[in-house]
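For reference, the structure discussed in these notes is given below.
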Amino acid sequence: SDLFNLPLASSCQLCVSTEMKIPLCKVIRFNIDYTIHFIEEMMPENFCVRGLELFSSYLFKDILELYDWNLKGPSLENDAISCPRFHFMPRFVRFLPDGGKEVLSMHQILLYLLRCNKALVPEEEIANMLQWEELEWQKYAEECKGMIVTSPGMKPSSVRIDQLDREQFNPDVITFPIIVHFGIRPAQLSYAGDPQYQKLWKSYVKLRHLLANSPKVKQADKQKLSQREEALQKIRQKNTMRREVTVELSSQGFWKTGIRSDVCQHAMMLPVLTHHVRYHQCLMHLDKLIGYTFRDRCLLQLAMTHPSHHLNFGMNPDHARNSLSNCGIRQPKYGDRKVHHMHMRKKGINTLINIMSRLGQDDPAPSRINHNERLEFLGDAVVEFLTSVHLYYLFPTLEEGGLATYRTA
């Protein structure tokens, strides 16, 4: 099926005015810097709002379990009648004979999901499936590989199939095939969050840096470095500390969804986008309250964001990480870790040489530094100037020392 293989496009029908200009949304995922553009589309006609709500409820609540993601707002959170502020229409397509594409209606998408809603291994067919030829079983297992299956009532309810094994350990008892899932343990619960590992890692890095800058390295120091490296490797290889986890589950009670891991991967970007849009709607309301419209919306966003804030998925980030680990792509491509602090470093000879080697520009260019320090410096200077002027008019007879004392107070 064409629907089966195509990902969910992050195209949303947003309940906002066409005059509302949303800045680009910049986000870092898997150490890769992405810029998400909002493209205005014609309103599709092949859907009804109830179909969109059913699909969103099935994908985001039943499969991804994003219960903290509230699309109605705090005042209408418990109101079952009210309509969400955002509706999402998945852009699945079918290929036409002339080479074109047609966006499928919500009716066809819901019919497809209903057709796919079958038991992964039907109880009445398990004996027959165990008698299949190896080639036939491999074909079925390959079809299921990468598919999301769900078991309503279980926690977590849905998981990605990485392998489907039918080994029978007891010939007298027929057992259901085993679902094998390769997951990732959270960093806080793996060796990276172990205090002993962190302490040993710091001492290892310190000694390695010392030996790298030492003119003459003793054999005893080399041996000490090797011992610390071996100790770190032992902690990494402990079963209770390993980051990669292999989970084996009985396929009994699991149902096919017809959804692949790429759909979940795309869907997990939608909370970020809705958070971005709602934030800028709040900033536009701020413009109305103060009677002034800021021209540079990105600079306003930076100014109104606390430095300690990290853009997560707009809700409890642990829930989102669990959903990505359980239902997302098994091995996403990672970028360079330097992207997190590429334009943040302020010290060092290399940073100084890089800054001094830049040529001057006639037109001002936007800064690539995405933190508030420059704004804080400018704000402090403005406040200091206004305070000095105000104090001078209040106490024109005081000397500079007295005015400075009042200003610091």
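Scheme for the structure tokens: letters A, B, ... for chains in order shown; per-chain residue numbers from 1; ligand numbers from 1 in order shown.
Residues surrounding A:Asp221 within 9 Å are Leu207, Leu211, Val217, Leu225 and Ser226 of chain A [only C-alpha atoms; sequence separation below 4 positions excluded].
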All strand (DSSP E or B) residues (DSSP, backbone) inside stretch 55-154 of chain A, as a list in words: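 After running DSSP on the backbone, stretch 55-154 of chain A has strand (DSSP E or B) at Phe86, His87, Phe88, Val93, Arg94, Phe95, Lys101, Glu102, Val103, Ala119, Met147, Ile148, Val149 and Thr150 of chain A.
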Option closest in space to A:Ala303, from A:His280, A:Arg91, A:Arg185, A:His371 [counting only C-alpha atoms]: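 Among A:His280, A:Arg91, A:Arg185, A:His371, it is A:His371 that comes nearest to A:Ala303.
Computed from the coordinates, the atom CA of A:Phe395 to atom CA of A:Gly379 distance equals 24.1 Å.
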Selection: 12 Å around A:Cys48, only C-alpha atoms, excl. self and same-chain fewer than 3 positions, as a PyMOL selection string: chain A and resi 43-45+51-55+87-89+105-107+110
Any chance you could export the current selection's N, CA and C atoms as a PDB file, in the first residue's frame?
```pdb
ATOM      1  N   MET A  43      -6.627  25.289   1.987  1.00  0.00           N
ATOM      2  CA  MET A  43      -7.383  24.448   2.906  1.00  0.00           C
ATOM      3  C   MET A  43      -7.894  23.205   2.174  1.00  0.00           C
ATOM      4  N   PRO A  44      -7.510  21.999   2.615  1.00  0.00           N
ATOM      5  CA  PRO A  44      -8.018  20.791   1.945  1.00  0.00           C
ATOM      6  C   PRO A  44      -9.521  20.641   2.183  1.00  0.00           C
ATOM      7  N   GLU A  45     -10.144  19.899   1.282  1.00  0.00           N
ATOM      8  CA  GLU A  45     -11.597  19.725   1.374  1.00  0.00           C
ATOM      9  C   GLU A  45     -11.998  18.300   1.733  1.00  0.00           C
ATOM     10  N   GLY A  51     -12.842  13.447  11.989  1.00  0.00           N
ATOM     11  CA  GLY A  51     -11.825  12.502  11.521  1.00  0.00           C
ATOM     12  C   GLY A  51     -10.433  12.897  11.971  1.00  0.00           C
ATOM     13  N   LEU A  52     -10.127  14.206  11.923  1.00  0.00           N
ATOM     14  CA  LEU A  52      -8.821  14.689  12.386  1.00  0.00           C
ATOM     15  C   LEU A  52      -8.642  14.416  13.872  1.00  0.00           C
ATOM     16  N   GLU A  53      -9.696  14.644  14.655  1.00  0.00           N
ATOM     17  CA  GLU A  53      -9.602  14.436  16.100  1.00  0.00           C
ATOM     18  C   GLU A  53      -9.442  12.956  16.432  1.00  0.00           C
ATOM     19  N   LEU A  54     -10.132  12.089  15.692  1.00  0.00           N
ATOM     20  CA  LEU A  54      -9.992  10.644  15.920  1.00  0.00           C
ATOM     21  C   LEU A  54      -8.567  10.186  15.622  1.00  0.00           C
ATOM     22  N   PHE A  55      -8.013  10.663  14.506  1.00  0.00           N
ATOM     23  CA  PHE A  55      -6.645  10.272  14.147  1.00  0.00           C
ATOM     24  C   PHE A  55      -5.643  10.785  15.176  1.00  0.00           C
ATOM     25  N   HIS A  87      -5.375  21.423  14.584  1.00  0.00           N
ATOM     26  CA  HIS A  87      -5.794  20.170  13.956  1.00  0.00           C
ATOM     27  C   HIS A  87      -4.682  19.741  13.005  1.00  0.00           C
ATOM     28  N   PHE A  88      -4.400  18.454  12.975  1.00  0.00           N
ATOM     29  CA  PHE A  88      -3.314  17.928  12.145  1.00  0.00           C
ATOM     30  C   PHE A  88      -3.902  16.967  11.114  1.00  0.00           C
ATOM     31  N   MET A  89      -3.586  17.248   9.863  1.00  0.00           N
ATOM     32  CA  MET A  89      -4.029  16.351   8.797  1.00  0.00           C
ATOM     33  C   MET A  89      -2.811  15.682   8.182  1.00  0.00           C
ATOM     34  N   SER A 105      -7.864  11.249   1.421  1.00  0.00           N
ATOM     35  CA  SER A 105      -8.822  11.849   2.347  1.00  0.00           C
ATOM     36  C   SER A 105      -8.702  11.179   3.713  1.00  0.00           C
ATOM     37  N   MET A 106      -9.191  11.862   4.743  1.00  0.00           N
ATOM     38  CA  MET A 106      -9.166  11.283   6.088  1.00  0.00           C
ATOM     39  C   MET A 106     -10.009  10.018   6.147  1.00  0.00           C
ATOM     40  N   HIS A 107     -11.043   9.947   5.325  1.00  0.00           N
ATOM     41  CA  HIS A 107     -11.889   8.750   5.282  1.00  0.00           C
ATOM     42  C   HIS A 107     -11.064   7.531   4.882  1.00  0.00           C
ATOM     43  N   LEU A 110      -8.518   6.555   7.722  1.00  0.00           N
ATOM     44  CA  LEU A 110      -9.158   5.849   8.837  1.00  0.00           C
ATOM     45  C   LEU A 110      -9.569   4.438   8.427  1.00  0.00           C
TER      46      LEU A 110
END
```
